[in-house]
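*Asks:* What follows is the file start.txt, containing compact mmCIF, N, CA and C atoms:
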```txt
# COMPACT_ATOMS: atom_id res chain seq x y z
N MET M 20 127.04 99.06 84.56
CA MET M 20 128.44 98.76 84.48
C MET M 20 128.82 98.56 83.01
N ASN M 21 129.92 99.18 82.60
CA ASN M 21 130.40 99.10 81.22
C ASN M 21 131.37 97.93 81.11
N THR M 22 131.05 96.90 80.32
CA THR M 22 131.89 95.71 80.19
C THR M 22 132.83 95.76 79.00
N SER M 23 132.72 96.76 78.18
CA SER M 23 133.62 96.84 77.02
C SER M 23 134.98 97.38 77.46
N THR M 24 136.00 96.92 76.77
CA THR M 24 137.36 97.38 77.09
C THR M 24 137.58 98.75 76.49
N PRO M 25 138.30 99.58 77.18
CA PRO M 25 138.54 100.93 76.65
C PRO M 25 139.46 100.88 75.44
N HIS M 26 139.22 101.73 74.49
CA HIS M 26 140.03 101.82 73.27
C HIS M 26 141.13 102.86 73.49
N ILE M 27 142.38 102.43 73.36
CA ILE M 27 143.51 103.33 73.52
C ILE M 27 144.12 103.57 72.15
N GLU M 28 144.16 104.79 71.74
CA GLU M 28 144.73 105.13 70.44
C GLU M 28 146.18 105.57 70.64
N VAL M 29 147.07 104.93 69.93
CA VAL M 29 148.49 105.24 70.03
C VAL M 29 148.84 106.24 68.93
N MET M 30 149.42 107.33 69.34
CA MET M 30 149.78 108.38 68.39
C MET M 30 151.25 108.21 67.99
N ARG M 31 151.50 107.29 67.05
CA ARG M 31 152.86 107.05 66.57
C ARG M 31 152.86 107.13 65.05
N SER M 32 153.97 107.57 64.53
CA SER M 32 154.09 107.63 63.07
C SER M 32 154.36 106.22 62.52
N GLN M 33 154.31 106.11 61.19
CA GLN M 33 154.60 104.83 60.55
C GLN M 33 156.03 104.39 60.85
N LEU M 34 156.97 105.34 60.83
CA LEU M 34 158.36 105.02 61.12
C LEU M 34 158.51 104.56 62.57
N GLY M 35 157.82 105.21 63.47
CA GLY M 35 157.89 104.82 64.88
C GLY M 35 157.36 103.42 65.12
N ARG M 36 156.32 103.02 64.37
CA ARG M 36 155.80 101.67 64.50
C ARG M 36 156.75 100.64 63.91
N ALA M 37 157.49 101.03 62.88
CA ALA M 37 158.37 100.08 62.19
C ALA M 37 159.71 99.90 62.89
N ARG M 38 160.11 100.85 63.72
CA ARG M 38 161.39 100.72 64.42
C ARG M 38 161.38 99.48 65.31
N GLY M 39 162.50 98.81 65.31
CA GLY M 39 162.59 97.61 66.12
C GLY M 39 162.11 96.36 65.40
N LEU M 40 161.60 96.51 64.22
CA LEU M 40 161.16 95.36 63.44
C LEU M 40 162.10 95.16 62.26
N GLY M 41 162.22 93.96 61.80
CA GLY M 41 163.03 93.70 60.61
C GLY M 41 164.46 93.34 60.93
N ALA M 42 165.29 93.41 59.91
CA ALA M 42 166.66 92.92 60.00
C ALA M 42 167.57 93.82 60.82
N GLY M 43 167.29 95.08 60.91
CA GLY M 43 168.15 95.97 61.67
C GLY M 43 169.53 96.11 61.07
N GLN M 44 169.63 96.08 59.77
CA GLN M 44 170.86 96.24 59.00
C GLN M 44 171.85 95.09 59.17
N SER M 45 171.41 93.96 59.72
CA SER M 45 172.32 92.83 59.81
C SER M 45 172.48 92.14 58.46
N GLY M 46 171.56 92.40 57.55
CA GLY M 46 171.64 91.78 56.23
C GLY M 46 172.64 92.43 55.31
N THR M 47 173.06 93.66 55.63
CA THR M 47 173.99 94.37 54.75
C THR M 47 175.35 93.67 54.70
N ALA M 48 175.86 93.30 55.86
CA ALA M 48 177.16 92.60 55.89
C ALA M 48 177.06 91.26 55.18
N HIS M 49 175.94 90.60 55.34
CA HIS M 49 175.72 89.32 54.68
C HIS M 49 175.70 89.49 53.17
N TRP M 50 175.02 90.52 52.71
CA TRP M 50 174.93 90.81 51.29
C TRP M 50 176.32 91.09 50.72
N TRP M 51 177.11 91.89 51.41
CA TRP M 51 178.47 92.20 50.94
C TRP M 51 179.36 90.96 50.96
N ALA M 52 179.19 90.10 51.95
CA ALA M 52 179.98 88.86 52.01
C ALA M 52 179.67 87.97 50.81
N GLU M 53 178.39 87.88 50.46
CA GLU M 53 178.02 87.10 49.28
C GLU M 53 178.65 87.67 48.02
N ARG M 54 178.57 88.97 47.85
CA ARG M 54 179.09 89.61 46.64
C ARG M 54 180.61 89.52 46.57
N ALA M 55 181.28 89.71 47.71
CA ALA M 55 182.75 89.64 47.72
C ALA M 55 183.23 88.23 47.41
N SER M 56 182.58 87.23 48.00
CA SER M 56 183.01 85.86 47.72
C SER M 56 182.69 85.47 46.27
N ALA M 57 181.57 85.94 45.75
CA ALA M 57 181.24 85.65 44.34
C ALA M 57 182.24 86.33 43.40
N ALA M 58 182.60 87.57 43.71
CA ALA M 58 183.56 88.28 42.87
C ALA M 58 184.94 87.64 42.92
N SER M 59 185.34 87.14 44.07
CA SER M 59 186.65 86.49 44.15
C SER M 59 186.62 85.10 43.52
N LEU M 60 185.45 84.48 43.46
CA LEU M 60 185.36 83.18 42.81
C LEU M 60 185.48 83.25 41.30
N LEU M 61 185.17 84.39 40.72
CA LEU M 61 185.28 84.50 39.25
C LEU M 61 186.70 84.24 38.75
N PRO M 62 187.72 84.98 39.21
CA PRO M 62 189.06 84.67 38.72
C PRO M 62 189.59 83.33 39.22
N LEU M 63 189.23 82.95 40.44
CA LEU M 63 189.70 81.66 40.96
C LEU M 63 189.12 80.49 40.17
N SER M 64 187.84 80.57 39.86
CA SER M 64 187.22 79.49 39.09
C SER M 64 187.74 79.45 37.66
N THR M 65 187.99 80.62 37.09
CA THR M 65 188.57 80.67 35.75
C THR M 65 189.93 80.01 35.74
N TRP M 66 190.76 80.34 36.73
CA TRP M 66 192.09 79.73 36.84
C TRP M 66 191.95 78.22 36.96
N PHE M 67 191.03 77.76 37.81
CA PHE M 67 190.85 76.33 38.05
C PHE M 67 190.41 75.60 36.78
N VAL M 68 189.46 76.16 36.06
CA VAL M 68 188.98 75.52 34.83
C VAL M 68 190.09 75.45 33.79
N VAL M 69 190.86 76.53 33.63
CA VAL M 69 191.97 76.54 32.67
C VAL M 69 193.00 75.47 33.05
N GLN M 70 193.30 75.37 34.34
CA GLN M 70 194.28 74.38 34.78
C GLN M 70 193.77 72.95 34.56
N MET M 71 192.50 72.73 34.76
CA MET M 71 191.95 71.39 34.55
C MET M 71 191.98 71.00 33.07
N PHE M 72 191.76 71.97 32.18
CA PHE M 72 191.89 71.68 30.75
C PHE M 72 193.34 71.39 30.39
N ARG M 73 194.28 72.11 31.00
CA ARG M 73 195.70 71.86 30.74
C ARG M 73 196.12 70.48 31.21
N LEU M 74 195.51 70.00 32.29
CA LEU M 74 195.86 68.69 32.85
C LEU M 74 194.96 67.57 32.34
N GLY M 75 194.24 67.82 31.27
CA GLY M 75 193.25 66.88 30.77
C GLY M 75 193.75 65.47 30.54
N GLY M 76 194.86 65.30 29.90
CA GLY M 76 195.35 63.95 29.60
C GLY M 76 196.47 63.48 30.51
N ALA M 77 196.70 64.17 31.60
CA ALA M 77 197.82 63.85 32.48
C ALA M 77 197.49 62.64 33.36
N ASP M 78 198.54 61.92 33.73
CA ASP M 78 198.35 60.80 34.64
C ASP M 78 198.38 61.30 36.10
N HIS M 79 198.16 60.39 37.03
CA HIS M 79 198.05 60.75 38.45
C HIS M 79 199.34 61.38 38.97
N ALA M 80 200.48 60.85 38.60
CA ALA M 80 201.76 61.36 39.10
C ALA M 80 201.99 62.80 38.62
N GLU M 81 201.65 63.08 37.38
CA GLU M 81 201.83 64.43 36.85
C GLU M 81 200.91 65.43 37.54
N VAL M 82 199.67 65.02 37.78
CA VAL M 82 198.73 65.90 38.49
C VAL M 82 199.19 66.12 39.92
N ALA M 83 199.73 65.09 40.57
CA ALA M 83 200.24 65.23 41.93
C ALA M 83 201.43 66.18 41.98
N ARG M 84 202.31 66.09 40.98
CA ARG M 84 203.45 67.03 40.93
C ARG M 84 202.95 68.46 40.70
N TRP M 85 201.94 68.60 39.83
CA TRP M 85 201.37 69.92 39.59
C TRP M 85 200.77 70.49 40.87
N GLY M 86 200.01 69.69 41.59
CA GLY M 86 199.36 70.14 42.82
C GLY M 86 200.30 70.40 43.96
N ALA M 87 201.49 69.82 43.91
CA ALA M 87 202.46 70.00 44.98
C ALA M 87 203.24 71.31 44.84
N LYS M 88 203.14 71.97 43.71
CA LYS M 88 203.83 73.26 43.55
C LYS M 88 203.16 74.30 44.45
N PRO M 89 203.95 75.13 45.13
CA PRO M 89 203.38 76.08 46.10
C PRO M 89 202.33 77.02 45.53
N CYS M 90 202.55 77.54 44.33
CA CYS M 90 201.59 78.46 43.74
C CYS M 90 200.26 77.76 43.45
N ASN M 91 200.34 76.57 42.87
CA ASN M 91 199.12 75.82 42.56
C ASN M 91 198.40 75.38 43.83
N ALA M 92 199.15 74.96 44.84
CA ALA M 92 198.53 74.54 46.09
C ALA M 92 197.83 75.72 46.78
N THR M 93 198.45 76.88 46.74
CA THR M 93 197.85 78.07 47.34
C THR M 93 196.56 78.44 46.60
N MET M 94 196.61 78.39 45.29
CA MET M 94 195.42 78.71 44.50
C MET M 94 194.31 77.67 44.73
N LEU M 95 194.68 76.39 44.81
CA LEU M 95 193.69 75.35 45.10
C LEU M 95 193.03 75.56 46.46
N ALA M 96 193.85 75.88 47.46
CA ALA M 96 193.30 76.14 48.79
C ALA M 96 192.38 77.35 48.77
N ALA M 97 192.75 78.39 48.03
CA ALA M 97 191.91 79.58 47.93
C ALA M 97 190.58 79.25 47.25
N VAL M 98 190.63 78.43 46.20
CA VAL M 98 189.39 78.03 45.52
C VAL M 98 188.49 77.26 46.49
N ILE M 99 189.06 76.33 47.22
CA ILE M 99 188.28 75.50 48.14
C ILE M 99 187.68 76.35 49.26
N ILE M 100 188.50 77.17 49.89
CA ILE M 100 188.02 77.99 51.01
C ILE M 100 186.93 78.95 50.55
N THR M 101 187.16 79.63 49.45
CA THR M 101 186.19 80.60 48.97
C THR M 101 184.90 79.92 48.51
N THR M 102 185.01 78.77 47.87
CA THR M 102 183.82 78.06 47.42
C THR M 102 182.95 77.63 48.58
N PHE M 103 183.55 77.04 49.60
CA PHE M 103 182.74 76.58 50.72
C PHE M 103 182.26 77.73 51.59
N TYR M 104 182.99 78.82 51.66
CA TYR M 104 182.49 80.01 52.37
C TYR M 104 181.28 80.58 51.63
N HIS M 105 181.39 80.68 50.31
CA HIS M 105 180.29 81.19 49.50
C HIS M 105 179.05 80.28 49.63
N ALA M 106 179.28 78.98 49.64
CA ALA M 106 178.18 78.04 49.81
C ALA M 106 177.53 78.20 51.18
N GLN M 107 178.34 78.39 52.20
CA GLN M 107 177.81 78.55 53.56
C GLN M 107 176.97 79.81 53.67
N VAL M 108 177.45 80.90 53.11
CA VAL M 108 176.71 82.16 53.18
C VAL M 108 175.40 82.05 52.39
N GLY M 109 175.45 81.47 51.22
CA GLY M 109 174.25 81.32 50.42
C GLY M 109 173.23 80.38 51.04
N LEU M 110 173.68 79.27 51.60
CA LEU M 110 172.76 78.34 52.25
C LEU M 110 172.18 78.94 53.53
N GLN M 111 172.96 79.78 54.20
CA GLN M 111 172.45 80.45 55.40
C GLN M 111 171.28 81.37 55.05
N VAL M 112 171.38 82.05 53.92
CA VAL M 112 170.28 82.91 53.48
C VAL M 112 169.03 82.07 53.19
N ILE M 113 169.21 80.92 52.55
CA ILE M 113 168.08 80.04 52.26
C ILE M 113 167.44 79.55 53.55
N VAL M 114 168.26 79.15 54.52
CA VAL M 114 167.73 78.68 55.81
C VAL M 114 167.00 79.82 56.51
N ASP M 115 167.57 81.02 56.51
CA ASP M 115 166.92 82.15 57.17
C ASP M 115 165.58 82.49 56.53
N ASP M 116 165.49 82.32 55.22
CA ASP M 116 164.26 82.67 54.52
C ASP M 116 163.17 81.59 54.61
N TYR M 117 163.56 80.32 54.62
CA TYR M 117 162.58 79.26 54.45
C TYR M 117 162.43 78.29 55.61
N VAL M 118 163.32 78.32 56.59
CA VAL M 118 163.19 77.41 57.74
C VAL M 118 162.80 78.25 58.94
N HIS M 119 161.68 77.92 59.55
CA HIS M 119 161.17 78.70 60.66
C HIS M 119 160.92 77.81 61.88
N GLY M 120 160.76 78.44 63.00
CA GLY M 120 160.41 77.72 64.22
C GLY M 120 161.62 77.06 64.86
N LYS M 121 161.35 75.93 65.51
CA LYS M 121 162.39 75.23 66.26
C LYS M 121 163.48 74.64 65.36
N ALA M 122 163.19 74.41 64.11
CA ALA M 122 164.17 73.80 63.20
C ALA M 122 165.18 74.82 62.67
N HIS M 123 164.95 76.11 62.89
CA HIS M 123 165.82 77.12 62.30
C HIS M 123 167.25 77.04 62.84
N LEU M 124 167.42 77.06 64.15
CA LEU M 124 168.77 77.07 64.72
C LEU M 124 169.54 75.78 64.43
N PRO M 125 168.94 74.59 64.62
CA PRO M 125 169.70 73.38 64.27
C PRO M 125 170.07 73.30 62.79
N THR M 126 169.19 73.75 61.93
CA THR M 126 169.49 73.72 60.49
C THR M 126 170.62 74.68 60.17
N ARG M 127 170.58 75.85 60.77
CA ARG M 127 171.63 76.84 60.55
C ARG M 127 172.99 76.32 61.04
N LEU M 128 172.99 75.70 62.21
CA LEU M 128 174.23 75.11 62.74
C LEU M 128 174.72 73.97 61.86
N ALA M 129 173.80 73.14 61.37
CA ALA M 129 174.18 72.03 60.50
C ALA M 129 174.82 72.53 59.21
N VAL M 130 174.28 73.60 58.65
CA VAL M 130 174.86 74.18 57.43
C VAL M 130 176.28 74.65 57.70
N LYS M 131 176.48 75.35 58.81
CA LYS M 131 177.82 75.85 59.13
C LYS M 131 178.80 74.71 59.38
N ILE M 132 178.36 73.70 60.11
CA ILE M 132 179.25 72.58 60.44
C ILE M 132 179.60 71.79 59.19
N VAL M 133 178.61 71.47 58.36
CA VAL M 133 178.86 70.64 57.17
C VAL M 133 179.76 71.38 56.18
N THR M 134 179.46 72.66 55.91
CA THR M 134 180.30 73.38 54.95
C THR M 134 181.72 73.59 55.49
N SER M 135 181.84 73.82 56.79
CA SER M 135 183.17 73.98 57.38
C SER M 135 183.97 72.69 57.31
N LEU M 136 183.32 71.57 57.63
CA LEU M 136 184.02 70.28 57.58
C LEU M 136 184.43 69.91 56.16
N LEU M 137 183.55 70.15 55.20
CA LEU M 137 183.90 69.85 53.81
C LEU M 137 185.05 70.74 53.33
N GLY M 138 185.01 72.01 53.71
CA GLY M 138 186.11 72.91 53.34
C GLY M 138 187.43 72.48 53.98
N LEU M 139 187.38 72.10 55.26
CA LEU M 139 188.59 71.62 55.94
C LEU M 139 189.11 70.34 55.30
N LEU M 140 188.20 69.47 54.90
CA LEU M 140 188.61 68.23 54.23
C LEU M 140 189.33 68.54 52.91
N GLY M 141 188.81 69.52 52.16
CA GLY M 141 189.47 69.91 50.92
C GLY M 141 190.84 70.52 51.15
N VAL M 142 190.94 71.39 52.15
CA VAL M 142 192.24 72.00 52.46
C VAL M 142 193.22 70.94 52.95
N PHE M 143 192.72 70.00 53.75
CA PHE M 143 193.58 68.91 54.21
C PHE M 143 194.09 68.09 53.03
N ALA M 144 193.26 67.87 52.03
CA ALA M 144 193.69 67.13 50.84
C ALA M 144 194.79 67.88 50.10
N VAL M 145 194.68 69.20 50.03
CA VAL M 145 195.74 70.00 49.38
C VAL M 145 197.03 69.91 50.19
N ILE M 146 196.92 69.99 51.52
CA ILE M 146 198.12 69.88 52.37
C ILE M 146 198.76 68.52 52.20
N LYS M 147 197.95 67.48 52.14
CA LYS M 147 198.47 66.13 51.92
C LYS M 147 199.16 66.01 50.56
N LEU M 148 198.58 66.66 49.57
CA LEU M 148 199.17 66.66 48.23
C LEU M 148 200.53 67.35 48.24
N VAL M 149 200.62 68.47 48.93
CA VAL M 149 201.88 69.21 49.01
C VAL M 149 202.93 68.41 49.80
N ALA M 150 202.49 67.74 50.86
CA ALA M 150 203.42 66.99 51.69
C ALA M 150 203.88 65.70 51.03
N GLY M 151 203.31 65.36 49.89
CA GLY M 151 203.74 64.17 49.17
C GLY M 151 203.03 62.91 49.61
N GLY M 152 201.96 63.07 50.38
CA GLY M 152 201.23 61.90 50.86
C GLY M 152 200.32 61.28 49.82
N SER M 153 200.18 61.91 48.66
CA SER M 153 199.26 61.37 47.66
C SER M 153 199.92 60.37 46.72
N SER M 154 201.21 60.11 46.87
CA SER M 154 201.90 59.17 45.98
C SER M 154 201.74 57.77 46.51
N GLY M 155 200.49 57.24 46.38
CA GLY M 155 200.17 55.93 46.93
C GLY M 155 200.63 54.77 46.07
N LYS M 156 200.52 54.87 44.75
CA LYS M 156 200.85 53.76 43.86
C LYS M 156 202.30 53.66 43.72
```
Could you rewrite the structure in this file as structure tokens?
*Replies:*
Amino acid sequence: MNTSTPHIEVMRSQLGRARGLGAGQSGTAHWWAERASAASLLPLSTWFVVQMFRLGGADHAEVARWGAKPCNATMLAAVIITTFYHAQVGLQVIVDDYVHGKAHLPTRLAVKIVTSLLGLLGVFAVIKLVAGGSSGK
């Protein structure tokens, strides 16, 4: 009686063995999202830094009046939304690369929830500024 297991040779090419493995092109959209958000952050961040230098010696009331202008509020909201979106996409890549096993999904969800909440908090602060709710003193 032969106790050895039979050897079955699979006649597949290297490409045939590789199909079904890997990212399956899901990383392309992620890569473009990172690049698009980074490219849009360049002019937005430049605008923000220039505005902060212009408001360097201003008091709270003057900064509140500046932030309540529709153009400035829109730009502030765009900076906040784009920054936290870019952070979420970048942190998601880090989690996908370095967190494995059972911790992967909860960590990924935590990144999305935290960045979304912080972004919403920033946008809410801009809305409050526009509505005149920041004139506390």
*Asks:* Give me the residues within 7 Å of Ser56 (chain M) as a short mmCIF file (atom, residue, chain, number, x, y, z; two decimals) with N, CA and C atoms, in the frame of the given file, counting all atoms listed in the file and dropping any in the same chain fewer than 5 places off.
*Replies:*
```cif
data_model
loop_
_atom_site.label_atom_id
_atom_site.label_comp_id
_atom_site.auth_asym_id
_atom_site.auth_seq_id
_atom_site.Cartn_x
_atom_site.Cartn_y
_atom_site.Cartn_z
N TRP M 51 177.11 91.89 51.41
CA TRP M 51 178.47 92.20 50.94
C TRP M 51 179.36 90.96 50.96
N LEU M 61 185.17 84.39 40.72
CA LEU M 61 185.28 84.50 39.25
C LEU M 61 186.70 84.24 38.75
N THR M 101 187.16 79.63 49.45
CA THR M 101 186.19 80.60 48.97
C THR M 101 184.90 79.92 48.51
N TYR M 104 182.99 78.82 51.66
CA TYR M 104 182.49 80.01 52.37
C TYR M 104 181.28 80.58 51.63
N HIS M 105 181.39 80.68 50.31
CA HIS M 105 180.29 81.19 49.50
C HIS M 105 179.05 80.28 49.63
#
```
*Asks:* Let me have the centre and edge lengths in Å, one decimal, of the box along x, y and z around every listed atom of region 107-124 of chain M with 6 Å of margin on each side, as AutoDock Vina command-line options.
*Replies:*
```
--center_x 169.4 --center_y 78.4 --center_z 58.3 --size_x 29.9 --size_y 21.1 --size_z 27.8
```
*Asks:* Can you pull out every residue within 8 Å of region 124-132 of chain M, counting only N, CA and C atoms, but drop anything in the same chain fewer than 5 positions away, and send it as a short mmCIF file (atom, residue, chain, number, x, y, z; two decimals) with N, CA and C atoms, keeping the file's coordinate frame?
*Replies:*
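Output saved as selection-v8.cif:
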```cif
data_model
loop_
_atom_site.label_atom_id
_atom_site.label_comp_id
_atom_site.auth_asym_id
_atom_site.auth_seq_id
_atom_site.Cartn_x
_atom_site.Cartn_y
_atom_site.Cartn_z
N ALA M 106 179.28 78.98 49.64
CA ALA M 106 178.18 78.04 49.81
C ALA M 106 177.53 78.20 51.18
N GLN M 107 178.34 78.39 52.20
CA GLN M 107 177.81 78.55 53.56
C GLN M 107 176.97 79.81 53.67
N VAL M 108 177.45 80.90 53.11
CA VAL M 108 176.71 82.16 53.18
C VAL M 108 175.40 82.05 52.39
N LEU M 110 173.68 79.27 51.60
CA LEU M 110 172.76 78.34 52.25
C LEU M 110 172.18 78.94 53.53
N GLN M 111 172.96 79.78 54.20
CA GLN M 111 172.45 80.45 55.40
C GLN M 111 171.28 81.37 55.05
N VAL M 114 168.26 79.15 54.52
CA VAL M 114 167.73 78.68 55.81
C VAL M 114 167.00 79.82 56.51
N ASP M 115 167.57 81.02 56.51
CA ASP M 115 166.92 82.15 57.17
C ASP M 115 165.58 82.49 56.53
N VAL M 118 163.32 78.32 56.59
CA VAL M 118 163.19 77.41 57.74
C VAL M 118 162.80 78.25 58.94
N HIS M 119 161.68 77.92 59.55
CA HIS M 119 161.17 78.70 60.66
C HIS M 119 160.92 77.81 61.88
N LEU M 137 183.55 70.15 55.20
CA LEU M 137 183.90 69.85 53.81
C LEU M 137 185.05 70.74 53.33
N GLY M 138 185.01 72.01 53.71
CA GLY M 138 186.11 72.91 53.34
C GLY M 138 187.43 72.48 53.98
#
```
*Asks:* When you draw a straight line from CA of Gly46 (chain M) to CA of His123 (chain M), how long is it in Å?
*Replies:* 16.9 Å
*Asks:* Figure out the distance between atom C of Thr102 (chain M) and atom C of Gly141 (chain M), please, to one decimal in Å.
*Replies:*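 Distance between the two atoms: 10.9 Å.
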*Asks:* Identify which of the residues M:Ala58, M:Met71, M:Val145, M:Ile27 lies closest to Cys90 (chain M), counting only C-alpha atoms when measuring atom-to-atom distances.
*Replies:*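 The closest residue to Cys90 (chain M) is M:Val145.
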*Asks:* Work out how far CA of Val149 (chain M) is from atom C of Ala87 (chain M), in Å to one decimal.
*Replies:*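 A separation of 4.9 Å between them.
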*Asks:* Rank nothing, just name the residue among M:Ala57, M:Phe143, M:Glu28, M:Leu63 nearest to Ala97 (chain M), using all atoms listed in the file.
*Replies:* M:Leu63
*Asks:* Using all atoms listed in the file, which residue out of M:Val69, M:Leu60, M:Val142, M:Ala55 lies closest to Ala96 (chain M)?
*Replies:* M:Val142
*Asks:* I need the residues of chain M that end up classed as helix (DSSP H, G or I) by DSSP on the backbone, written out as a PyMOL selection string.
*Replies:* chain M and resi 33-37+45-73+79-87+89-117+120-150
